[in-house]
$ cat start.tsv   # TSV, C-alpha atoms and all ligand atoms
chain	number	residue	atom	x	y	z
A	19	MET	CA	3.79	1.19	-16.83
A	20	GLN	CA	0.69	0.47	-18.83
A	21	ASP	CA	-2.72	1.63	-17.68
A	22	ARG	CA	-5.23	-0.62	-19.44
A	23	SER	CA	-8.30	0.55	-17.64
A	24	ARG	CA	-9.32	2.55	-14.68
A	25	HIS	CA	-9.35	-0.58	-12.52
A	26	GLU	CA	-6.18	-2.37	-13.62
A	27	LEU	CA	-2.57	-1.32	-13.62
A	28	LEU	CA	0.14	-3.37	-15.31
A	29	THR	CA	3.84	-3.15	-14.52
A	30	GLU	CA	6.69	-5.17	-15.95
A	31	ARG	CA	6.00	-8.06	-13.58
A	32	LEU	CA	2.71	-7.28	-11.87
A	33	SER	CA	-1.00	-6.87	-12.40
A	34	LEU	CA	-2.94	-4.65	-9.98
A	35	ARG	CA	-6.69	-5.05	-9.94
A	36	ARG	CA	-9.64	-3.70	-8.00
A	37	PRO	CA	-10.58	-6.09	-5.15
A	38	VAL	CA	-13.53	-8.45	-5.63
A	39	PRO	CA	-15.30	-10.67	-3.07
A	40	ASP	CA	-13.11	-13.64	-4.04
A	41	ASP	CA	-10.13	-11.73	-2.60
A	42	VAL	CA	-11.46	-11.90	0.98
A	43	ALA	CA	-9.61	-15.16	1.68
A	44	ALA	CA	-6.31	-13.58	0.60
A	45	ILE	CA	-7.04	-10.48	2.68
A	46	LEU	CA	-7.45	-12.76	5.70
A	47	ALA	CA	-4.45	-14.96	4.89
A	48	ILE	CA	-2.06	-12.02	4.51
A	49	HIS	CA	-3.34	-9.99	7.45
A	50	SER	CA	-3.39	-12.97	9.81
A	51	ASP	CA	0.25	-13.94	9.20
A	52	PRO	CA	2.14	-12.33	12.12
A	53	PRO	CA	5.16	-10.96	10.15
A	54	THR	CA	2.94	-8.92	7.82
A	55	CYS	CA	1.58	-6.83	10.69
A	56	ALA	CA	4.61	-6.91	12.99
A	57	HIS	CA	5.05	-3.13	12.77
A	58	ASN	CA	1.31	-2.38	12.60
A	59	PRO	CA	-0.42	-4.79	15.00
A	60	SER	CA	-3.65	-2.79	14.81
A	61	ASP	CA	-3.98	-3.97	11.17
A	62	ALA	CA	-3.84	-7.68	12.09
A	63	LEU	CA	-6.93	-9.79	11.38
A	64	SER	CA	-7.86	-13.19	12.74
A	65	ARG	CA	-11.39	-13.90	11.51
A	66	ARG	CA	-13.03	-14.07	8.10
A	67	GLN	CA	-15.69	-11.58	9.20
A	68	GLU	CA	-12.97	-8.98	9.87
A	69	ALA	CA	-11.50	-9.56	6.41
A	70	LEU	CA	-14.94	-9.22	4.86
A	71	GLU	CA	-15.45	-5.89	6.66
A	72	LEU	CA	-12.05	-4.66	5.48
A	73	PHE	CA	-12.92	-5.69	1.90
A	74	GLN	CA	-16.20	-3.77	2.23
A	75	ARG	CA	-14.36	-0.63	3.43
A	76	TRP	CA	-11.95	-0.93	0.47
A	77	SER	CA	-14.91	-1.38	-1.91
A	78	ASP	CA	-16.77	1.57	-0.44
A	79	HIS	CA	-13.69	3.72	-1.08
A	80	TRP	CA	-13.52	2.51	-4.69
A	81	ARG	CA	-17.23	3.32	-5.19
A	82	ARG	CA	-16.84	6.78	-3.68
A	83	PHE	CA	-13.57	7.88	-5.30
A	84	GLY	CA	-13.04	5.59	-8.30
A	85	TYR	CA	-9.71	4.34	-6.95
A	86	GLY	CA	-8.35	2.70	-3.82
A	87	TYR	CA	-6.28	-0.32	-2.85
A	88	TRP	CA	-5.46	-2.80	-5.58
A	89	VAL	CA	-4.86	-6.55	-5.32
A	90	VAL	CA	-1.40	-7.38	-6.66
A	91	ARG	CA	-0.61	-10.53	-8.65
A	92	ARG	CA	2.24	-11.59	-10.89
A	93	ARG	CA	1.19	-11.08	-14.49
A	94	GLY	CA	-0.52	-14.22	-15.72
A	95	SER	CA	-1.08	-15.63	-12.23
A	96	ASP	CA	-4.29	-15.82	-10.19
A	97	HIS	CA	-2.46	-15.86	-6.88
A	98	GLN	CA	-2.83	-12.74	-4.74
A	99	LEU	CA	0.63	-11.60	-3.60
A	100	GLY	CA	-0.55	-8.59	-1.66
A	101	PHE	CA	-2.17	-5.20	-1.76
A	102	CYS	CA	-1.03	-1.74	-2.77
A	103	GLY	CA	-2.90	1.47	-3.42
A	104	VAL	CA	-3.96	4.87	-2.21
A	105	LYS	CA	-6.73	5.96	0.12
A	106	SER	CA	-8.15	9.43	0.60
A	107	MET	CA	-7.58	10.71	4.15
A	108	ASP	CA	-6.90	13.76	6.28
A	109	LEU	CA	-3.41	14.31	7.68
A	110	ASN	CA	-3.08	17.20	10.13
A	111	GLY	CA	-5.97	19.02	8.40
A	112	MET	CA	-4.63	18.39	4.87
A	113	SER	CA	-6.35	16.17	2.29
A	114	VAL	CA	-3.89	13.52	1.14
A	115	LEU	CA	-3.66	10.13	-0.53
A	116	ASN	CA	-2.30	7.51	1.87
A	117	LEU	CA	-0.04	5.01	0.11
A	118	PHE	CA	-0.45	1.47	1.43
A	119	TYR	CA	1.31	-1.80	0.70
A	120	ARG	CA	1.29	-5.21	2.36
A	121	PHE	CA	2.58	-8.37	0.69
A	122	GLU	CA	2.73	-12.01	1.74
A	123	ALA	CA	6.03	-12.72	3.46
A	124	SER	CA	7.16	-15.35	0.94
A	125	SER	CA	7.26	-12.66	-1.77
A	126	TRP	CA	9.46	-10.18	0.08
A	127	GLY	CA	12.88	-9.12	-1.16
A	128	GLN	CA	12.20	-9.44	-4.91
A	129	GLY	CA	11.47	-5.80	-5.65
A	130	LEU	CA	7.74	-6.46	-6.02
A	131	ALA	CA	6.43	-3.94	-3.49
A	132	GLY	CA	8.75	-1.29	-4.86
A	133	GLN	CA	7.45	-1.93	-8.36
A	134	ALA	CA	3.80	-1.86	-7.28
A	135	ALA	CA	4.18	1.27	-5.16
A	136	THR	CA	6.02	3.08	-7.96
A	137	ALA	CA	3.19	2.26	-10.37
A	138	VAL	CA	0.55	3.44	-7.91
A	139	VAL	CA	2.33	6.73	-7.20
A	140	GLU	CA	2.78	7.35	-10.94
A	141	TRP	CA	-0.90	6.58	-11.45
A	142	ALA	CA	-1.88	9.01	-8.68
A	143	SER	CA	0.30	11.78	-10.08
A	144	VAL	CA	-1.66	11.57	-13.35
A	145	ARG	CA	-5.16	10.76	-12.10
A	146	VAL	CA	-5.28	12.66	-8.80
A	147	PRO	CA	-2.57	15.28	-9.32
A	148	ASP	CA	-3.92	17.81	-6.84
A	149	LEU	CA	-3.42	15.64	-3.76
A	150	PRO	CA	-0.11	14.91	-2.03
A	151	VAL	CA	0.76	11.23	-1.60
A	152	ILE	CA	1.97	10.27	1.85
A	153	ALA	CA	3.10	7.07	3.57
A	154	ARG	CA	2.88	6.60	7.32
A	155	VAL	CA	5.66	4.29	8.40
A	156	ARG	CA	6.76	3.06	11.81
A	157	PRO	CA	10.34	4.17	12.54
A	158	ALA	CA	11.68	0.60	12.74
A	159	ASN	CA	10.02	-0.53	9.49
A	160	ILE	CA	13.05	-0.09	7.25
A	161	ALA	CA	11.66	-2.17	4.37
A	162	SER	CA	8.54	0.00	4.19
A	163	GLN	CA	10.62	3.18	4.31
A	164	ARG	CA	12.71	1.88	1.39
A	165	VAL	CA	9.56	1.13	-0.61
A	166	ALA	CA	8.24	4.66	0.01
A	167	VAL	CA	11.51	6.19	-1.15
A	168	ARG	CA	11.66	3.90	-4.18
A	169	ALA	CA	8.17	5.11	-5.13
A	170	GLY	CA	9.40	8.70	-5.10
A	171	LEU	CA	8.37	9.87	-1.64
A	172	LEU	CA	10.71	11.87	0.58
A	173	ARG	CA	10.94	11.99	4.34
A	174	ALA	CA	8.74	14.81	5.71
A	175	GLY	CA	9.55	14.83	9.41
A	176	HIS	CA	7.53	17.97	10.11
A	177	LEU	CA	4.36	15.93	9.41
A	178	ASP	CA	5.17	13.02	11.73
A	179	THR	CA	2.11	11.95	13.66
A	180	ASN	CA	0.94	9.49	16.27
A	181	GLY	CA	-0.94	6.62	14.67
A	182	GLU	CA	-2.79	3.65	16.09
A	183	ASP	CA	0.43	1.76	16.75
A	184	GLY	CA	2.57	4.69	17.94
A	185	LEU	CA	4.69	7.27	16.17
A	186	ASP	CA	4.44	7.24	12.38
A	187	TRP	CA	7.16	8.75	10.27
A	188	ILE	CA	5.73	10.56	7.24
A	189	PHE	CA	7.11	10.25	3.73
A	190	ALA	CA	5.52	12.48	1.09
A	191	LYS	CA	5.41	13.56	-2.53
A	192	ASN	CA	3.69	16.58	-4.09
A	193	LEU	CA	3.23	18.53	-0.85
A	194	PRO	CA	1.87	22.07	-1.26
A	195	ASP	CA	4.51	24.82	-1.01
A	201	LIG	C1	7.25	-3.44	3.28
A	201	LIG	C2	7.07	-4.57	2.26
A	201	LIG	C3	5.81	-4.28	1.46
A	201	LIG	C4	8.30	-4.61	1.36
A	201	LIG	O1	8.06	-5.59	0.37
A	201	LIG	P1	9.23	-6.15	-0.60
A	201	LIG	O2	8.54	-6.74	-1.78
A	201	LIG	O3	10.14	-7.01	0.18
A	201	LIG	O4	9.99	-4.82	-1.00
A	201	LIG	P2	11.03	-4.71	-2.21
A	201	LIG	O5	11.64	-6.04	-2.47
A	201	LIG	O6	10.35	-3.99	-3.32
A	201	LIG	O7	12.15	-3.78	-1.59
A	201	LIG	C5	12.06	-2.37	-1.64
A	201	LIG	C6	13.27	-1.81	-0.93
A	201	LIG	O8	13.27	-2.20	0.46
A	201	LIG	C7	14.47	-2.86	0.78
A	201	LIG	N1	14.14	-3.89	1.76
A	201	LIG	C8	13.28	-4.91	1.60
A	201	LIG	N2	13.23	-5.61	2.75
A	201	LIG	C9	14.09	-5.03	3.61
A	201	LIG	C10	14.48	-5.28	4.94
A	201	LIG	N3	13.95	-6.30	5.63
A	201	LIG	N4	15.39	-4.46	5.53
A	201	LIG	C11	15.89	-3.40	4.85
A	201	LIG	N5	15.55	-3.10	3.57
A	201	LIG	C12	14.67	-3.91	2.98
A	201	LIG	C13	14.94	-3.43	-0.52
A	201	LIG	O9	16.35	-3.66	-0.51
A	201	LIG	C14	14.59	-2.31	-1.49
A	201	LIG	O10	15.50	-1.26	-1.33
A	201	LIG	P3	15.96	-0.36	-2.59
A	201	LIG	O11	14.71	0.32	-3.10
A	201	LIG	O12	16.93	0.57	-1.98
A	201	LIG	O13	16.52	-1.31	-3.60
A	201	LIG	C15	6.92	-5.95	2.94
A	201	LIG	O14	8.04	-6.12	3.80
A	201	LIG	C16	5.66	-6.07	3.74
A	201	LIG	O15	4.60	-6.42	3.21
A	201	LIG	N6	5.74	-5.81	5.07
A	201	LIG	C17	4.60	-5.94	5.95
A	201	LIG	C18	3.56	-4.87	5.72
A	201	LIG	C19	4.10	-3.49	5.98
A	201	LIG	O16	4.91	-3.28	6.89
A	201	LIG	N7	3.61	-2.56	5.17
A	201	LIG	C20	3.96	-1.18	5.32
A	201	LIG	C21	3.15	-0.54	6.38
A	201	LIG	S1	3.64	1.18	6.55
$ encode --input "start.tsv" --output "structure tokens"
Amino acid sequence: MQDRSRHELLTERLSLRRPVPDDVAAILAIHSDPPTCAHNPSDALSRRQEALELFQRWSDHWRRFGYGYWVVRRRGSDHQLGFCGVKSMDLNGMSVLNLFYRFEASSWGQGLAGQAATAVVEWASVRVPDLPVIARVRPANIASQRVAVRAGLLRAGHLDTNGEDGLDWIFAKNLPD
């Protein structure tokens, strides 16, 4: 992994960049395609205004913390494949980084999310080493669980929690002793 700047991560196949207003259309396209939110219907979007508000929340997080969710592209391509990054949040009273990933369905099954999530978790372990990284995954979302494990997270059943769409299984790395 190469870390060119604070706002771009490069992997073997991917470029991860801080979102900009031109990414709003891709945020809407990916979040309004039913398969991408099948396990997390509360994340689904249907209108451009909703995508703009989500972009603004992502940007606010970047301004506040200096990191957040990246837009993922193949290296050398302008096309947005999806999103992957970490967000500061509270889990059962503990400050954590929430690992997120969502990719357009046509890109699935090529190892791209695993590669992006691995880069993000490595980045977090260097840049924000004091915080655990967690992923909240619906029990039936096998692909997402595999991505979390590939990125180095382990199942942490004692932290399981009810999320907006029902029970979330927790995967974690760097938990306090
Ligand atoms: C989850 C998601 C990001 C995976 O993307 P992807 O690019 O297909 O993932 P990868 O190709 O990197 O695969 C990673 C692992 O998952 C496995 N996998 C991928 N799709 C799978 C499926 N449908 N069933 C079982 N395993 C699957 C791969 O075999 C691989 O396993 P390995 O690490 O043991 O080799 C993608 O399915 C997605 O965007 N889903 C909708 C959004 C979502 O659910 N996000 C997570 C919310 S918690």
$ residues_near_ligand --input "start.tsv" --ligand "ligand LIG 201 (chain A)" --cutoff "7 Å" --atoms "only C-alpha atoms and all ligand atoms" --output "MDAnalysis selection string"
chainID A and resid 53:55 57:58 118:123 125:133 153:156 159:162 164:165 167:168
$ closest_residue --input "start.tsv" --among "A:Pro37, A:Pro52, A:Gly170, A:Gly111" --to "Arg75 (chain A)" --atoms "all atoms listed in the file"
A:Pro37
$ closest_residue --input "start.tsv" --among "A:Val151, A:Ala56, A:Val42, A:Ile48" --to "Met107 (chain A)" --atoms "all atoms listed in the file"
A:Val151
$ atom_distance --input "start.tsv" --atom1 "CA of Ala142 (chain A)" --atom2 "CA of Val104 (chain A)"
8.0 Å
$ residues_around --input "start.tsv" --residues "Asp178 (chain A)" --least-positions-apart "4" --cutoff "12 Å" --atoms "only C-alpha atoms" --output "ChimeraX atom specification"
/A:109-110,152-157,173-174,184-190
$ atom_distance --input "start.tsv" --atom1 "CA of His97 (chain A)" --atom2 "CA of Arg31 (chain A)"
13.3 Å
$ closest_residue --input "start.tsv" --among "A:Leu34, A:Val138, A:Ala166, A:Leu99" --to "His49 (chain A)" --atoms "only C-alpha atoms"
A:Leu99
$ closest_residue --input "start.tsv" --among "A:Pro147, A:Val38, A:Leu171, A:Glu182" --to "Ala135 (chain A)" --atoms "all atoms listed in the file"
A:Leu171
$ residues_around --input "start.tsv" --residues "Ser64 (chain A)" --least-positions-apart "2" --cutoff "10 Å" --atoms "all atoms listed in the file" --output "PyMOL selection string"
chain A and resi 46-47+49-51+62+66-69
$ residues_around --input "start.tsv" --residues "Trp141 (chain A)" --least-positions-apart "3" --cutoff "12 Å" --atoms "all atoms listed in the file" --output "PyMOL selection string"
chain A and resi 19-29+34+85-86+88+103-104+115+117+134-138+144-147+151+169
$ atom_distance --input "start.tsv" --atom1 "CA of Leu32 (chain A)" --atom2 "CA of Val90 (chain A)"
6.6 Å
$ residues_around --input "start.tsv" --residues "Ser77 (chain A)" --least-positions-apart "2" --cutoff "10 Å" --atoms "only C-alpha atoms" --output "MDAnalysis selection string"
chainID A and resid 36:39 71:75 79:87
$ decode --input "start.tsv" --residues "region 55-194 of chain A" --atoms "C-alpha atoms" --output "short mmCIF file (atom, residue, chain, number, x, y, z; two decimals), in the first residue's frame"
data_model
loop_
_atom_site.label_atom_id
_atom_site.label_comp_id
_atom_site.auth_asym_id
_atom_site.auth_seq_id
_atom_site.Cartn_x
_atom_site.Cartn_y
_atom_site.Cartn_z
CA CYS A 55 -28.68 -2.02 0.44
CA ALA A 56 -30.44 -5.40 0.60
CA HIS A 57 -29.02 -6.10 4.07
CA ASN A 58 -29.18 -2.48 5.24
CA PRO A 59 -32.41 -1.00 3.86
CA SER A 60 -32.10 2.03 6.13
CA ASP A 61 -29.08 3.10 4.03
CA ALA A 62 -31.04 3.12 0.75
CA LEU A 63 -31.44 6.45 -1.05
CA SER A 64 -33.88 7.41 -3.76
CA ARG A 65 -33.44 11.15 -4.31
CA ARG A 66 -30.51 13.38 -5.21
CA GLN A 67 -31.19 15.58 -2.18
CA GLU A 68 -30.65 12.57 0.11
CA ALA A 69 -27.35 11.80 -1.61
CA LEU A 70 -26.28 15.42 -1.26
CA GLU A 71 -27.06 15.31 2.47
CA LEU A 72 -25.08 12.08 2.85
CA PHE A 73 -22.14 13.65 0.99
CA GLN A 74 -22.35 16.65 3.34
CA ARG A 75 -22.27 14.36 6.41
CA TRP A 76 -19.22 12.55 4.98
CA SER A 77 -17.54 15.91 4.27
CA ASP A 78 -18.31 17.22 7.74
CA HIS A 79 -16.62 14.13 9.19
CA TRP A 80 -13.55 14.71 7.00
CA ARG A 81 -13.37 18.37 8.12
CA ARG A 82 -13.70 17.42 11.79
CA PHE A 83 -11.37 14.41 11.93
CA GLY A 84 -9.15 14.61 8.84
CA TYR A 85 -10.32 11.22 7.59
CA GLY A 86 -13.56 9.47 6.73
CA TYR A 87 -15.09 7.53 3.86
CA TRP A 88 -13.14 7.42 0.62
CA VAL A 89 -14.43 7.10 -2.94
CA VAL A 90 -12.91 4.02 -4.58
CA ARG A 91 -11.86 3.87 -8.24
CA ARG A 92 -9.66 1.56 -10.26
CA ARG A 93 -6.26 3.18 -10.64
CA GLY A 94 -6.29 5.35 -13.74
CA SER A 95 -10.09 5.40 -14.02
CA ASP A 96 -12.53 8.20 -13.21
CA HIS A 97 -15.40 5.83 -12.56
CA GLN A 98 -16.53 5.54 -8.94
CA LEU A 99 -16.77 1.85 -7.99
CA GLY A 100 -17.86 2.41 -4.43
CA PHE A 101 -16.99 3.72 -1.02
CA CYS A 102 -14.83 2.49 1.83
CA GLY A 103 -13.53 4.16 4.94
CA VAL A 104 -13.80 4.69 8.66
CA LYS A 105 -16.08 6.90 10.72
CA SER A 106 -15.69 7.91 14.35
CA MET A 107 -18.57 6.61 16.48
CA ASP A 108 -19.56 5.31 19.89
CA LEU A 109 -20.22 1.59 20.34
CA ASN A 110 -21.62 0.59 23.74
CA GLY A 111 -19.85 3.57 25.36
CA MET A 112 -16.52 2.94 23.59
CA SER A 113 -15.00 5.28 20.98
CA VAL A 114 -14.35 3.29 17.81
CA LEU A 115 -13.77 3.65 14.09
CA ASN A 116 -16.61 2.12 12.10
CA LEU A 117 -15.38 0.43 8.92
CA PHE A 118 -17.75 0.90 5.98
CA TYR A 119 -17.79 -0.41 2.43
CA ARG A 120 -20.38 -0.40 -0.33
CA PHE A 121 -19.56 -1.10 -3.98
CA GLU A 122 -21.62 -1.12 -7.16
CA ALA A 123 -22.99 -4.60 -7.79
CA SER A 124 -21.24 -5.04 -11.15
CA SER A 125 -17.85 -4.88 -9.37
CA TRP A 126 -18.54 -7.58 -6.79
CA GLY A 127 -16.56 -10.81 -6.59
CA GLN A 128 -13.22 -9.45 -7.86
CA GLY A 129 -11.53 -8.91 -4.52
CA LEU A 130 -11.92 -5.13 -4.74
CA ALA A 131 -13.74 -4.51 -1.47
CA GLY A 132 -11.32 -6.77 0.36
CA GLN A 133 -8.40 -4.82 -1.07
CA ALA A 134 -9.92 -1.44 -0.21
CA ALA A 135 -10.93 -2.46 3.32
CA THR A 136 -7.48 -3.92 4.00
CA ALA A 137 -5.86 -0.64 2.92
CA VAL A 138 -8.21 1.41 5.09
CA VAL A 139 -7.63 -0.74 8.18
CA GLU A 140 -3.85 -0.58 7.66
CA TRP A 141 -4.13 3.19 7.27
CA ALA A 142 -6.16 3.45 10.49
CA SER A 143 -3.70 1.32 12.44
CA VAL A 144 -0.96 3.84 11.58
CA ARG A 145 -2.88 7.12 11.63
CA VAL A 146 -5.44 6.49 14.38
CA PRO A 147 -3.77 3.70 16.36
CA ASP A 148 -5.55 4.37 19.65
CA LEU A 149 -9.03 3.52 18.38
CA PRO A 150 -10.41 0.03 17.73
CA VAL A 151 -11.79 -0.59 14.24
CA ILE A 152 -15.16 -2.30 14.14
CA ALA A 153 -17.57 -3.44 11.43
CA ARG A 154 -21.28 -3.85 12.08
CA VAL A 155 -22.60 -6.57 9.81
CA ARG A 156 -26.02 -8.14 9.45
CA PRO A 157 -25.85 -11.89 10.23
CA ALA A 158 -26.92 -12.92 6.72
CA ASN A 159 -24.44 -10.62 4.95
CA ILE A 160 -21.76 -13.24 4.33
CA ALA A 161 -19.86 -11.18 1.73
CA SER A 162 -19.49 -8.28 4.16
CA GLN A 163 -18.35 -10.61 6.94
CA ARG A 164 -15.69 -12.03 4.60
CA VAL A 165 -14.48 -8.52 3.74
CA ALA A 166 -14.19 -7.64 7.45
CA VAL A 167 -12.17 -10.78 8.14
CA ARG A 168 -9.98 -10.19 5.09
CA ALA A 169 -9.23 -6.70 6.44
CA GLY A 170 -8.00 -8.22 9.69
CA LEU A 171 -11.06 -7.92 11.91
CA LEU A 172 -12.22 -10.78 14.13
CA ARG A 173 -15.69 -11.69 15.28
CA ALA A 174 -16.46 -10.01 18.64
CA GLY A 175 -19.82 -11.47 19.59
CA HIS A 176 -19.83 -9.87 23.04
CA LEU A 177 -20.24 -6.47 21.33
CA ASP A 178 -23.19 -7.43 19.10
CA THR A 179 -25.77 -4.68 19.05
CA ASN A 180 -29.14 -3.78 17.60
CA GLY A 181 -28.76 -1.41 14.67
CA GLU A 182 -31.26 0.41 12.50
CA ASP A 183 -31.98 -2.71 10.46
CA GLY A 184 -31.91 -5.27 13.29
CA LEU A 185 -29.17 -7.25 14.96
CA ASP A 186 -25.63 -6.33 13.89
CA TRP A 187 -22.80 -8.76 14.37
CA ILE A 188 -19.61 -6.97 15.43
CA PHE A 189 -16.19 -7.67 13.96
CA ALA A 190 -13.26 -5.84 15.55
CA LYS A 191 -9.54 -5.18 15.57
CA ASN A 192 -7.41 -3.48 18.23
CA LEU A 193 -9.95 -3.77 21.05
CA PRO A 194 -8.69 -2.66 24.49
#
